[in-house]
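Engineer: The structure that follows is given in the form of structure tokens.
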Amino acid sequence: MMLRLLLIEDDPRLGPLVADVLGQEWDVTLCEDGESALQVAAEQYFDVMVVDRRLPGIDGTEVIATLRKRRISTPVLMLTALGEVRDRVSGLDAGANDYLVKPFDFDELTARLRALTRDYSGVGAGIEIGGWVFYPEDSSITSPYTGRVMLTEKEAAMLRLLASEPSRAFTRQHLLSAVFEHGEQLGTVDTYVHYIRRKTDRDLISTIRGVGYRLGTPA
């Protein structure tokens with residue numbers, strides 16, 4: 001399953017070209033302005049984003065700053081024709097994780113994106129959730145009472161996403177787009193939350209009324 005990439009680029013020639021090249025490795029969604037990109041980012045999950053600095057309406061740095069204020073920590077690479085040190089600094093200060101100056105080499109762009117997604121893969125050591133320890137690498141979670149519990153691929157994927165940003169409340173639509181195939185209904189998210197709670201602890205995942213779900217704090 002390809003990782004999902006949000007490309008925000010207003011150039012009518014460059015945008016489709018970059019989307020086509022990156023589409024060989026990523027599932028690319030292209031937005032041509034900051035306002036529509038923020039709406040898409042709020043409704044869907046992405047593994048990485050590529051943001052042009054000069055956008056119509058909302059500037060690229062403002063887009064990134066808004067994402068961070070909304071506690072969306074998806075890694076972001078900023079593309080820009082502005083290569084001065086002060087321009088790079090302002091982009092990074094806004095919340096970008098990396099910075100690439102136009103014109104750029106596509107091999108370098110894809111290598112940087114692979115590095116960003118590796119950094120945010122969420123695999124490796126166990127993740128503590130209250131008294132539980134979640135191991136994304138082998139889809140298991142250790143109970144403080146009964147020992148190791150195995151999770152299905154989808155259960156582990158949902159818990160991995162929630163654990164990646166434990167203070168963030170994810171919408172059901174966000175979880176649906178990140179974990180499940182196209183065509184599934186929102187109720188599928190609720191069903192899998194129920195599955196995880198039944199295998200673990202009801203407080204492992206908290207329901208945020210009017211929003212969706214967040215990682216809980218079981219005893």
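Convention: chains lettered A, B, ... in structure tokens order; per-chain residue numbering from 1; ligands numbered from 1 as shown.
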List the spatial neighbours of range 26-33 of chain A as an MDAnalysis selection string - criterion: any atom at most 7 Å away, only C-alpha atoms, same-chain residues fewer than 5 positions off excluded.
Structural biologist: chainID A and resid 2:10 19 55:56
Engineer: Do a neighbour search on range 44-52 of chain A at 9 Å with only C-alpha atoms, toss out local chain neighbours closer than 6 positions, and write the hits as a count of residues only.
Structural biologist: 36
Engineer: Report as an NGL selection string all protein, DNA and RNA residues lying within 8 Å of range 150-162 of chain A, evaluated on only C-alpha atoms, omitting residues in the same chain fewer than 2 positions from it.
Structural biologist: :A and (122 or 136 or 139-141 or 148 or 164-166 or 168 or 170 or 175 or 179-180 or 192-193 or 195-196 or 214-215)
Engineer: Can you list, as a compact mmCIF listing (two decimals) with all heavy atoms, in the first residue's frame, every residue of range 15-146 of chain A that DSSP puts in strand (DSSP E)?
Structural biologist:
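Contents of selection31.txt, as written:
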# COMPACT_ATOMS: atom_id res chain seq x y z
N TRP A 26 4.40 7.25 -4.36
CA TRP A 26 3.41 7.68 -3.37
C TRP A 26 2.02 7.79 -4.00
O TRP A 26 1.88 7.98 -5.21
CB TRP A 26 3.80 9.04 -2.78
CG TRP A 26 4.93 8.98 -1.81
CD1 TRP A 26 4.86 8.75 -0.47
CD2 TRP A 26 6.33 9.14 -2.10
NE1 TRP A 26 6.12 8.77 0.09
CE2 TRP A 26 7.04 8.99 -0.90
CE3 TRP A 26 7.05 9.38 -3.28
CZ2 TRP A 26 8.42 9.08 -0.81
CZ3 TRP A 26 8.43 9.47 -3.20
CH2 TRP A 26 9.10 9.32 -1.98
N ASP A 27 1.01 7.73 -3.14
CA ASP A 27 -0.37 8.01 -3.53
C ASP A 27 -0.56 9.51 -3.36
O ASP A 27 -0.72 10.01 -2.25
CB ASP A 27 -1.33 7.23 -2.62
CG ASP A 27 -2.80 7.49 -2.95
OD1 ASP A 27 -3.07 8.24 -3.91
OD2 ASP A 27 -3.66 6.96 -2.23
N VAL A 28 -0.52 10.26 -4.48
CA VAL A 28 -0.42 11.72 -4.44
C VAL A 28 -1.79 12.39 -4.60
O VAL A 28 -2.57 12.04 -5.49
CB VAL A 28 0.52 12.24 -5.55
CG1 VAL A 28 0.60 13.77 -5.52
CG2 VAL A 28 1.91 11.63 -5.41
N THR A 29 -2.06 13.36 -3.73
CA THR A 29 -3.20 14.26 -3.87
C THR A 29 -2.65 15.66 -4.14
O THR A 29 -1.82 16.15 -3.37
CB THR A 29 -4.07 14.28 -2.61
OG1 THR A 29 -4.62 12.98 -2.38
CG2 THR A 29 -5.20 15.29 -2.73
N LEU A 30 -3.08 16.30 -5.22
CA LEU A 30 -2.58 17.62 -5.61
C LEU A 30 -3.60 18.70 -5.29
O LEU A 30 -4.76 18.60 -5.69
CB LEU A 30 -2.24 17.64 -7.11
CG LEU A 30 -1.86 19.00 -7.72
CD1 LEU A 30 -0.61 19.56 -7.07
CD2 LEU A 30 -1.68 18.87 -9.24
N CYS A 31 -3.17 19.73 -4.56
CA CYS A 31 -3.99 20.91 -4.31
C CYS A 31 -3.25 22.12 -4.87
O CYS A 31 -2.02 22.20 -4.78
CB CYS A 31 -4.23 21.11 -2.81
SG CYS A 31 -5.33 19.88 -2.07
N VAL A 48 3.10 12.33 4.40
CA VAL A 48 4.06 13.39 4.17
C VAL A 48 3.42 14.44 3.28
O VAL A 48 2.47 14.14 2.55
CB VAL A 48 5.36 12.83 3.53
CG1 VAL A 48 5.11 12.33 2.12
CG2 VAL A 48 6.50 13.83 3.56
N MET A 49 3.91 15.68 3.37
CA MET A 49 3.38 16.77 2.54
C MET A 49 4.53 17.52 1.87
O MET A 49 5.60 17.68 2.46
CB MET A 49 2.56 17.76 3.38
CG MET A 49 1.36 17.16 4.07
SD MET A 49 0.43 18.42 4.99
CE MET A 49 -0.71 17.38 5.90
N VAL A 50 4.29 17.99 0.64
CA VAL A 50 5.21 18.86 -0.07
C VAL A 50 4.47 20.16 -0.32
O VAL A 50 3.42 20.17 -0.98
CB VAL A 50 5.67 18.23 -1.40
CG1 VAL A 50 6.58 19.19 -2.17
CG2 VAL A 50 6.38 16.90 -1.15
N VAL A 51 5.01 21.26 0.20
CA VAL A 51 4.30 22.55 0.16
C VAL A 51 5.13 23.59 -0.56
O VAL A 51 6.27 23.87 -0.18
CB VAL A 51 3.98 23.03 1.60
CG1 VAL A 51 3.22 24.36 1.55
CG2 VAL A 51 3.18 21.98 2.36
N ASP A 52 4.56 24.19 -1.61
CA ASP A 52 5.20 25.32 -2.29
C ASP A 52 5.08 26.55 -1.39
O ASP A 52 4.05 26.76 -0.74
CB ASP A 52 4.51 25.56 -3.63
CG ASP A 52 5.15 26.71 -4.40
OD1 ASP A 52 6.39 26.84 -4.33
OD2 ASP A 52 4.42 27.46 -5.06
N VAL A 76 6.68 17.72 6.72
CA VAL A 76 6.46 18.63 5.59
C VAL A 76 7.80 19.02 4.98
O VAL A 76 8.73 19.41 5.69
CB VAL A 76 5.72 19.91 6.04
CG1 VAL A 76 5.65 20.92 4.88
CG2 VAL A 76 4.32 19.58 6.54
N LEU A 77 7.87 18.91 3.65
CA LEU A 77 9.00 19.44 2.90
C LEU A 77 8.53 20.65 2.13
O LEU A 77 7.53 20.57 1.41
CB LEU A 77 9.57 18.39 1.94
CG LEU A 77 10.83 18.81 1.18
CD1 LEU A 77 11.74 17.60 0.95
CD2 LEU A 77 10.48 19.44 -0.17
N MET A 78 9.22 21.78 2.30
CA MET A 78 8.83 23.01 1.60
C MET A 78 9.65 23.17 0.33
O MET A 78 10.87 23.05 0.34
CB MET A 78 9.02 24.22 2.52
CG MET A 78 8.74 25.54 1.83
SD MET A 78 8.71 26.95 2.99
CE MET A 78 7.03 26.83 3.59
N LEU A 79 8.95 23.44 -0.77
CA LEU A 79 9.58 23.74 -2.06
C LEU A 79 9.48 25.24 -2.31
O LEU A 79 8.42 25.82 -2.13
CB LEU A 79 8.87 23.01 -3.20
CG LEU A 79 9.09 21.51 -3.36
CD1 LEU A 79 8.27 21.01 -4.54
CD2 LEU A 79 10.55 21.19 -3.56
N THR A 80 10.57 25.84 -2.73
CA THR A 80 10.51 27.28 -2.98
C THR A 80 11.63 27.74 -3.90
O THR A 80 12.67 27.10 -4.00
CB THR A 80 10.60 28.07 -1.67
OG1 THR A 80 10.52 29.46 -1.94
CG2 THR A 80 11.90 27.78 -0.95
N ASP A 98 11.83 20.01 6.34
CA ASP A 98 12.92 20.07 5.38
C ASP A 98 12.59 21.13 4.34
O ASP A 98 11.45 21.62 4.26
CB ASP A 98 13.11 18.70 4.70
CG ASP A 98 14.50 18.52 4.10
OD1 ASP A 98 15.29 19.48 4.13
OD2 ASP A 98 14.77 17.42 3.58
N TYR A 99 13.60 21.48 3.53
CA TYR A 99 13.49 22.64 2.64
C TYR A 99 14.28 22.34 1.38
O TYR A 99 15.44 21.93 1.46
CB TYR A 99 14.09 23.84 3.37
CG TYR A 99 13.65 25.20 2.91
CD1 TYR A 99 12.70 25.92 3.62
CD2 TYR A 99 14.21 25.78 1.78
CE1 TYR A 99 12.31 27.18 3.23
CE2 TYR A 99 13.82 27.05 1.37
CZ TYR A 99 12.86 27.75 2.10
OH TYR A 99 12.48 29.00 1.70
N LEU A 100 13.68 22.50 0.22
CA LEU A 100 14.36 22.24 -1.05
C LEU A 100 14.12 23.42 -1.99
O LEU A 100 12.97 23.83 -2.18
CB LEU A 100 13.86 20.94 -1.68
CG LEU A 100 14.65 20.38 -2.86
CD1 LEU A 100 16.10 20.11 -2.48
CD2 LEU A 100 14.00 19.09 -3.36
N VAL A 101 15.20 23.95 -2.55
CA VAL A 101 15.11 25.14 -3.39
C VAL A 101 14.93 24.75 -4.86
O VAL A 101 15.58 23.83 -5.35
CB VAL A 101 16.38 26.00 -3.23
CG1 VAL A 101 16.33 27.22 -4.16
CG2 VAL A 101 16.53 26.46 -1.78
N ILE A 127 5.62 1.27 22.62
CA ILE A 127 5.02 2.55 22.96
C ILE A 127 4.15 2.36 24.20
O ILE A 127 3.21 1.56 24.18
CB ILE A 127 4.17 3.08 21.79
CG1 ILE A 127 5.04 3.26 20.53
CG2 ILE A 127 3.50 4.40 22.16
CD1 ILE A 127 4.23 3.54 19.28
N GLU A 128 4.46 3.07 25.25
CA GLU A 128 3.69 2.93 26.49
C GLU A 128 2.38 3.69 26.40
O GLU A 128 2.34 4.85 26.02
CB GLU A 128 4.51 3.45 27.69
CG GLU A 128 5.72 2.59 27.99
CD GLU A 128 6.39 2.98 29.30
OE1 GLU A 128 5.76 3.75 30.08
OE2 GLU A 128 7.52 2.55 29.53
N ILE A 129 1.29 3.00 26.74
CA ILE A 129 -0.05 3.60 26.78
C ILE A 129 -0.64 3.24 28.14
O ILE A 129 -1.21 2.16 28.31
CB ILE A 129 -0.95 3.08 25.64
CG1 ILE A 129 -0.26 3.19 24.28
CG2 ILE A 129 -2.28 3.83 25.64
CD1 ILE A 129 -1.03 2.53 23.15
N TRP A 132 -0.10 -0.31 29.51
CA TRP A 132 0.06 -1.20 28.37
C TRP A 132 1.30 -0.79 27.57
O TRP A 132 1.73 0.35 27.63
CB TRP A 132 -1.16 -1.14 27.45
CG TRP A 132 -2.43 -1.61 28.10
CD1 TRP A 132 -3.15 -0.97 29.08
CD2 TRP A 132 -3.12 -2.82 27.83
NE1 TRP A 132 -4.25 -1.70 29.42
CE2 TRP A 132 -4.27 -2.85 28.68
CE3 TRP A 132 -2.91 -3.89 26.97
CZ2 TRP A 132 -5.16 -3.90 28.67
CZ3 TRP A 132 -3.81 -4.94 26.95
CH2 TRP A 132 -4.93 -4.94 27.81
N VAL A 133 1.85 -1.73 26.78
CA VAL A 133 2.96 -1.42 25.89
C VAL A 133 2.62 -1.97 24.50
O VAL A 133 2.43 -3.18 24.34
CB VAL A 133 4.29 -2.03 26.37
CG1 VAL A 133 5.42 -1.63 25.41
CG2 VAL A 133 4.61 -1.58 27.79
N PHE A 134 2.54 -1.07 23.54
CA PHE A 134 2.16 -1.41 22.17
C PHE A 134 3.42 -1.56 21.32
O PHE A 134 4.30 -0.70 21.32
CB PHE A 134 1.25 -0.30 21.60
CG PHE A 134 0.94 -0.42 20.14
CD1 PHE A 134 0.54 -1.62 19.58
CD2 PHE A 134 1.03 0.70 19.32
CE1 PHE A 134 0.24 -1.72 18.23
CE2 PHE A 134 0.74 0.61 17.98
CZ PHE A 134 0.33 -0.60 17.43
N TYR A 135 3.49 -2.68 20.57
CA TYR A 135 4.63 -2.95 19.69
C TYR A 135 4.13 -2.96 18.24
O TYR A 135 3.62 -3.99 17.75
CB TYR A 135 5.27 -4.30 20.04
CG TYR A 135 5.90 -4.31 21.42
CD1 TYR A 135 5.16 -4.76 22.52
CD2 TYR A 135 7.20 -3.87 21.63
CE1 TYR A 135 5.72 -4.76 23.79
CE2 TYR A 135 7.76 -3.86 22.90
CZ TYR A 135 7.02 -4.31 23.97
OH TYR A 135 7.56 -4.31 25.23
N SER A 140 1.37 -6.27 18.23
CA SER A 140 0.98 -6.83 19.51
C SER A 140 0.98 -5.74 20.58
O SER A 140 1.59 -4.68 20.41
CB SER A 140 1.94 -7.95 19.93
OG SER A 140 3.21 -7.43 20.27
N ILE A 141 0.27 -6.02 21.66
CA ILE A 141 0.23 -5.10 22.80
C ILE A 141 0.29 -5.94 24.06
O ILE A 141 -0.34 -7.01 24.15
CB ILE A 141 -1.03 -4.21 22.76
CG1 ILE A 141 -0.96 -3.14 23.84
CG2 ILE A 141 -2.31 -5.02 22.84
CD1 ILE A 141 -1.99 -2.02 23.65
N THR A 142 1.09 -5.49 25.02
CA THR A 142 1.28 -6.26 26.25
C THR A 142 0.41 -5.69 27.36
O THR A 142 0.46 -4.50 27.66
CB THR A 142 2.75 -6.23 26.69
OG1 THR A 142 3.56 -6.79 25.65
CG2 THR A 142 2.95 -7.03 27.96
N SER A 143 -0.38 -6.58 27.93
CA SER A 143 -1.29 -6.19 29.01
C SER A 143 -0.56 -6.21 30.34
O SER A 143 0.29 -7.07 30.59
CB SER A 143 -2.46 -7.18 29.06
OG SER A 143 -3.14 -7.09 30.28
Engineer: Which of these, A:Thr191, A:Thr207, A:Thr200, A:Thr110, has the shortest distance to Pro144 in chain A once you count only C-alpha atoms?
Structural biologist: A:Thr200
Engineer: So that I can check the secondary structure, give me every residue of range 141-195 of chain A assigned alpha helix (DSSP H) by backbone DSSP, as a tab-separated table (two decimals) with all heavy atoms, in the first residue's frame.
Structural biologist:
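Output below, filename states-v1.tsv:
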chain	number	residue	atom	x	y	z
A	153	GLU	N	-4.02	-6.60	11.53
A	153	GLU	CA	-3.29	-5.55	10.80
A	153	GLU	C	-4.00	-4.20	10.91
A	153	GLU	O	-3.36	-3.16	11.14
A	153	GLU	CB	-3.15	-5.95	9.33
A	153	GLU	CG	-2.45	-4.92	8.47
A	153	GLU	CD	-2.41	-5.30	7.00
A	153	GLU	OE1	-2.74	-6.46	6.67
A	153	GLU	OE2	-2.07	-4.42	6.18
A	154	LYS	N	-5.32	-4.18	10.74
A	154	LYS	CA	-6.07	-2.92	10.79
A	154	LYS	C	-6.13	-2.36	12.20
A	154	LYS	O	-6.05	-1.14	12.40
A	154	LYS	CB	-7.49	-3.13	10.24
A	154	LYS	CG	-7.54	-3.55	8.77
A	154	LYS	CD	-6.92	-2.50	7.87
A	154	LYS	CE	-7.08	-2.85	6.41
A	154	LYS	NZ	-6.36	-1.93	5.51
A	155	GLU	N	-6.30	-3.23	13.19
A	155	GLU	CA	-6.31	-2.76	14.58
A	155	GLU	C	-4.98	-2.11	14.94
A	155	GLU	O	-4.93	-1.05	15.55
A	155	GLU	CB	-6.59	-3.94	15.51
A	155	GLU	CG	-8.00	-4.49	15.41
A	155	GLU	CD	-8.15	-5.84	16.09
A	155	GLU	OE1	-7.13	-6.41	16.53
A	155	GLU	OE2	-9.29	-6.34	16.18
A	156	ALA	N	-3.88	-2.76	14.53
A	156	ALA	CA	-2.55	-2.22	14.82
A	156	ALA	C	-2.31	-0.91	14.08
A	156	ALA	O	-1.72	0.02	14.62
A	156	ALA	CB	-1.48	-3.25	14.44
A	157	ALA	N	-2.79	-0.82	12.83
A	157	ALA	CA	-2.61	0.40	12.04
A	157	ALA	C	-3.36	1.57	12.68
A	157	ALA	O	-2.85	2.70	12.74
A	157	ALA	CB	-3.09	0.18	10.62
A	158	MET	N	-4.56	1.31	13.18
A	158	MET	CA	-5.33	2.37	13.83
A	158	MET	C	-4.66	2.81	15.13
A	158	MET	O	-4.52	4.02	15.39
A	158	MET	CB	-6.76	1.91	14.11
A	158	MET	CG	-7.61	2.99	14.78
A	158	MET	SD	-9.32	2.50	15.05
A	158	MET	CE	-9.92	2.46	13.35
A	159	LEU	N	-4.21	1.85	15.92
A	159	LEU	CA	-3.57	2.19	17.19
A	159	LEU	C	-2.24	2.90	16.95
A	159	LEU	O	-1.88	3.83	17.69
A	159	LEU	CB	-3.36	0.92	18.02
A	159	LEU	CG	-3.03	1.12	19.50
A	159	LEU	CD1	-4.08	1.98	20.18
A	159	LEU	CD2	-2.92	-0.23	20.18
A	160	ARG	N	-1.52	2.51	15.90
A	160	ARG	CA	-0.25	3.16	15.55
A	160	ARG	C	-0.48	4.63	15.22
A	160	ARG	O	0.28	5.51	15.65
A	160	ARG	CB	0.40	2.46	14.37
A	160	ARG	CG	1.78	3.02	14.00
A	160	ARG	CD	2.33	2.38	12.74
A	160	ARG	NE	2.45	0.94	12.87
A	160	ARG	CZ	1.77	0.06	12.14
A	160	ARG	NH1	0.90	0.47	11.22
A	160	ARG	NH2	1.95	-1.22	12.31
A	161	LEU	N	-1.54	4.92	14.46
A	161	LEU	CA	-1.84	6.31	14.10
A	161	LEU	C	-2.21	7.12	15.34
A	161	LEU	O	-1.72	8.23	15.54
A	161	LEU	CB	-2.97	6.35	13.07
A	161	LEU	CG	-3.43	7.75	12.63
A	161	LEU	CD1	-2.27	8.54	12.05
A	161	LEU	CD2	-4.55	7.64	11.62
A	162	LEU	N	-3.07	6.59	16.18
A	162	LEU	CA	-3.46	7.29	17.40
A	162	LEU	C	-2.25	7.54	18.30
A	162	LEU	O	-2.10	8.61	18.89
A	162	LEU	CB	-4.52	6.48	18.14
A	162	LEU	CG	-5.89	6.37	17.47
A	162	LEU	CD1	-6.74	5.33	18.18
A	162	LEU	CD2	-6.61	7.71	17.46
A	163	ALA	N	-1.35	6.56	18.37
A	163	ALA	CA	-0.18	6.68	19.24
A	163	ALA	C	0.87	7.63	18.68
A	163	ALA	O	1.71	8.15	19.42
A	163	ALA	CB	0.45	5.30	19.47
A	164	SER	N	0.81	7.88	17.36
A	164	SER	CA	1.80	8.78	16.76
A	164	SER	C	1.60	10.22	17.21
A	164	SER	O	2.54	11.01	17.23
A	164	SER	CB	1.71	8.70	15.22
A	164	SER	OG	0.51	9.28	14.74
A	172	ARG	N	-13.18	10.67	12.62
A	172	ARG	CA	-13.46	9.33	12.08
A	172	ARG	C	-13.08	9.28	10.59
A	172	ARG	O	-12.57	8.28	10.11
A	172	ARG	CB	-14.94	9.00	12.28
A	172	ARG	CG	-15.30	8.82	13.75
A	172	ARG	CD	-16.79	8.99	13.99
A	172	ARG	NE	-17.56	7.87	13.51
A	172	ARG	CZ	-18.72	7.98	12.85
A	172	ARG	NH1	-19.21	9.19	12.59
A	172	ARG	NH2	-19.37	6.92	12.47
A	173	GLN	N	-13.31	10.40	9.87
A	173	GLN	CA	-12.95	10.44	8.45
A	173	GLN	C	-11.44	10.31	8.28
A	173	GLN	O	-10.95	9.63	7.38
A	173	GLN	CB	-13.44	11.74	7.83
A	173	GLN	CG	-13.12	11.89	6.34
A	173	GLN	CD	-13.78	10.82	5.50
A	173	GLN	OE1	-14.98	10.57	5.63
A	173	GLN	NE2	-13.01	10.17	4.64
A	174	HIS	N	-10.69	10.96	9.15
A	174	HIS	CA	-9.23	10.89	9.11
A	174	HIS	C	-8.76	9.46	9.31
A	174	HIS	O	-7.91	8.94	8.57
A	174	HIS	CB	-8.66	11.79	10.20
A	174	HIS	CG	-7.41	12.50	9.81
A	174	HIS	ND1	-7.31	13.85	9.76
A	174	HIS	CD2	-6.20	12.03	9.42
A	174	HIS	CE1	-6.09	14.20	9.38
A	174	HIS	NE2	-5.40	13.10	9.17
A	175	LEU	N	-9.29	8.80	10.33
A	175	LEU	CA	-8.93	7.42	10.61
A	175	LEU	C	-9.34	6.49	9.48
A	175	LEU	O	-8.60	5.57	9.11
A	175	LEU	CB	-9.58	6.97	11.92
A	175	LEU	CG	-9.04	7.65	13.19
A	175	LEU	CD1	-9.98	7.40	14.36
A	175	LEU	CD2	-7.64	7.15	13.51
A	176	LEU	N	-10.50	6.76	8.91
A	176	LEU	CA	-10.98	5.93	7.81
A	176	LEU	C	-10.04	6.01	6.62
A	176	LEU	O	-9.65	4.99	6.03
A	176	LEU	CB	-12.39	6.37	7.40
A	176	LEU	CG	-13.07	5.52	6.31
A	176	LEU	CD1	-13.46	4.16	6.87
A	176	LEU	CD2	-14.30	6.23	5.77
A	177	SER	N	-9.63	7.22	6.24
A	177	SER	CA	-8.79	7.39	5.06
A	177	SER	C	-7.38	6.86	5.28
A	177	SER	O	-6.71	6.43	4.34
A	177	SER	CB	-8.72	8.87	4.67
A	177	SER	OG	-7.98	9.61	5.62
A	178	ALA	N	-6.92	6.86	6.54
A	178	ALA	CA	-5.56	6.42	6.84
A	178	ALA	C	-5.42	4.91	6.94
A	178	ALA	O	-4.40	4.34	6.57
A	178	ALA	CB	-5.07	7.05	8.13
A	179	VAL	N	-6.46	4.25	7.43
A	179	VAL	CA	-6.33	2.84	7.79
A	179	VAL	C	-7.04	1.90	6.82
A	179	VAL	O	-6.56	0.79	6.57
A	179	VAL	CB	-6.88	2.61	9.22
A	179	VAL	CG1	-6.84	1.15	9.60
A	179	VAL	CG2	-6.08	3.45	10.22
A	187	GLY	N	-18.72	3.87	9.75
A	187	GLY	CA	-19.02	2.93	10.83
A	187	GLY	C	-17.93	1.89	11.03
A	187	GLY	O	-17.82	1.30	12.11
A	188	THR	N	-17.10	1.67	10.01
A	188	THR	CA	-16.00	0.72	10.13
A	188	THR	C	-15.02	1.17	11.20
A	188	THR	O	-14.46	0.35	11.94
A	188	THR	CB	-15.26	0.58	8.78
A	188	THR	OG1	-16.19	0.18	7.77
A	188	THR	CG2	-14.14	-0.45	8.86
A	189	VAL	N	-14.79	2.47	11.30
A	189	VAL	CA	-13.90	3.01	12.32
A	189	VAL	C	-14.42	2.67	13.71
A	189	VAL	O	-13.69	2.18	14.57
A	189	VAL	CB	-13.74	4.53	12.17
A	189	VAL	CG1	-12.94	5.11	13.33
A	189	VAL	CG2	-13.07	4.87	10.85
A	190	ASP	N	-15.71	2.91	13.94
A	190	ASP	CA	-16.32	2.61	15.24
A	190	ASP	C	-16.21	1.12	15.56
A	190	ASP	O	-15.96	0.74	16.71
A	190	ASP	CB	-17.79	3.03	15.23
A	190	ASP	CG	-17.97	4.49	14.89
A	190	ASP	OD1	-17.14	5.31	15.30
A	190	ASP	OD2	-18.94	4.82	14.17
A	191	THR	N	-16.40	0.29	14.54
A	191	THR	CA	-16.32	-1.16	14.74
A	191	THR	C	-14.93	-1.57	15.20
A	191	THR	O	-14.79	-2.37	16.15
A	191	THR	CB	-16.68	-1.90	13.43
A	191	THR	OG1	-18.02	-1.57	13.06
A	191	THR	CG2	-16.55	-3.41	13.61
A	192	TYR	N	-13.90	-1.02	14.58
A	192	TYR	CA	-12.54	-1.41	14.95
A	192	TYR	C	-12.11	-0.82	16.28
A	192	TYR	O	-11.32	-1.43	17.00
A	192	TYR	CB	-11.56	-1.06	13.83
A	192	TYR	CG	-11.48	-2.16	12.80
A	192	TYR	CD1	-12.44	-2.28	11.81
A	192	TYR	CD2	-10.47	-3.11	12.85
A	192	TYR	CE1	-12.40	-3.31	10.88
A	192	TYR	CE2	-10.41	-4.15	11.93
A	192	TYR	CZ	-11.37	-4.24	10.94
A	192	TYR	OH	-11.33	-5.28	10.04
A	193	VAL	N	-12.62	0.35	16.63
A	193	VAL	CA	-12.37	0.88	17.97
A	193	VAL	C	-12.96	-0.08	19.00
A	193	VAL	O	-12.34	-0.39	20.02
A	193	VAL	CB	-12.97	2.29	18.13
A	193	VAL	CG1	-12.98	2.72	19.60
A	193	VAL	CG2	-12.20	3.30	17.30
A	194	HIS	N	-14.15	-0.59	18.71
A	194	HIS	CA	-14.79	-1.57	19.60
A	194	HIS	C	-13.95	-2.83	19.70
A	194	HIS	O	-13.78	-3.38	20.80
A	194	HIS	CB	-16.19	-1.91	19.07
A	194	HIS	CG	-16.84	-3.07	19.77
A	194	HIS	ND1	-17.30	-2.99	21.06
A	194	HIS	CD2	-17.07	-4.35	19.35
A	194	HIS	CE1	-17.80	-4.16	21.41
A	194	HIS	NE2	-17.68	-5.00	20.39
A	195	TYR	N	-13.40	-3.31	18.58
A	195	TYR	CA	-12.56	-4.51	18.58
A	195	TYR	C	-11.34	-4.32	19.48
A	195	TYR	O	-10.98	-5.20	20.27
A	195	TYR	CB	-12.08	-4.85	17.17
A	195	TYR	CG	-13.13	-5.35	16.22
A	195	TYR	CD1	-12.93	-5.31	14.85
A	195	TYR	CD2	-14.34	-5.88	16.69
A	195	TYR	CE1	-13.88	-5.78	13.95
A	195	TYR	CE2	-15.30	-6.34	15.82
A	195	TYR	CZ	-15.08	-6.29	14.44
A	195	TYR	OH	-16.03	-6.75	13.56
Engineer: Determine the nearest neighbour of Val149 in chain A from the options A:Thr66, A:Ala37, A:Arg88, A:Arg198, counting only C-alpha atoms.
Structural biologist: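 Of A:Thr66, A:Ala37, A:Arg88, A:Arg198, the one nearest Val149 in chain A, counting only C-alpha atoms, is A:Arg198.
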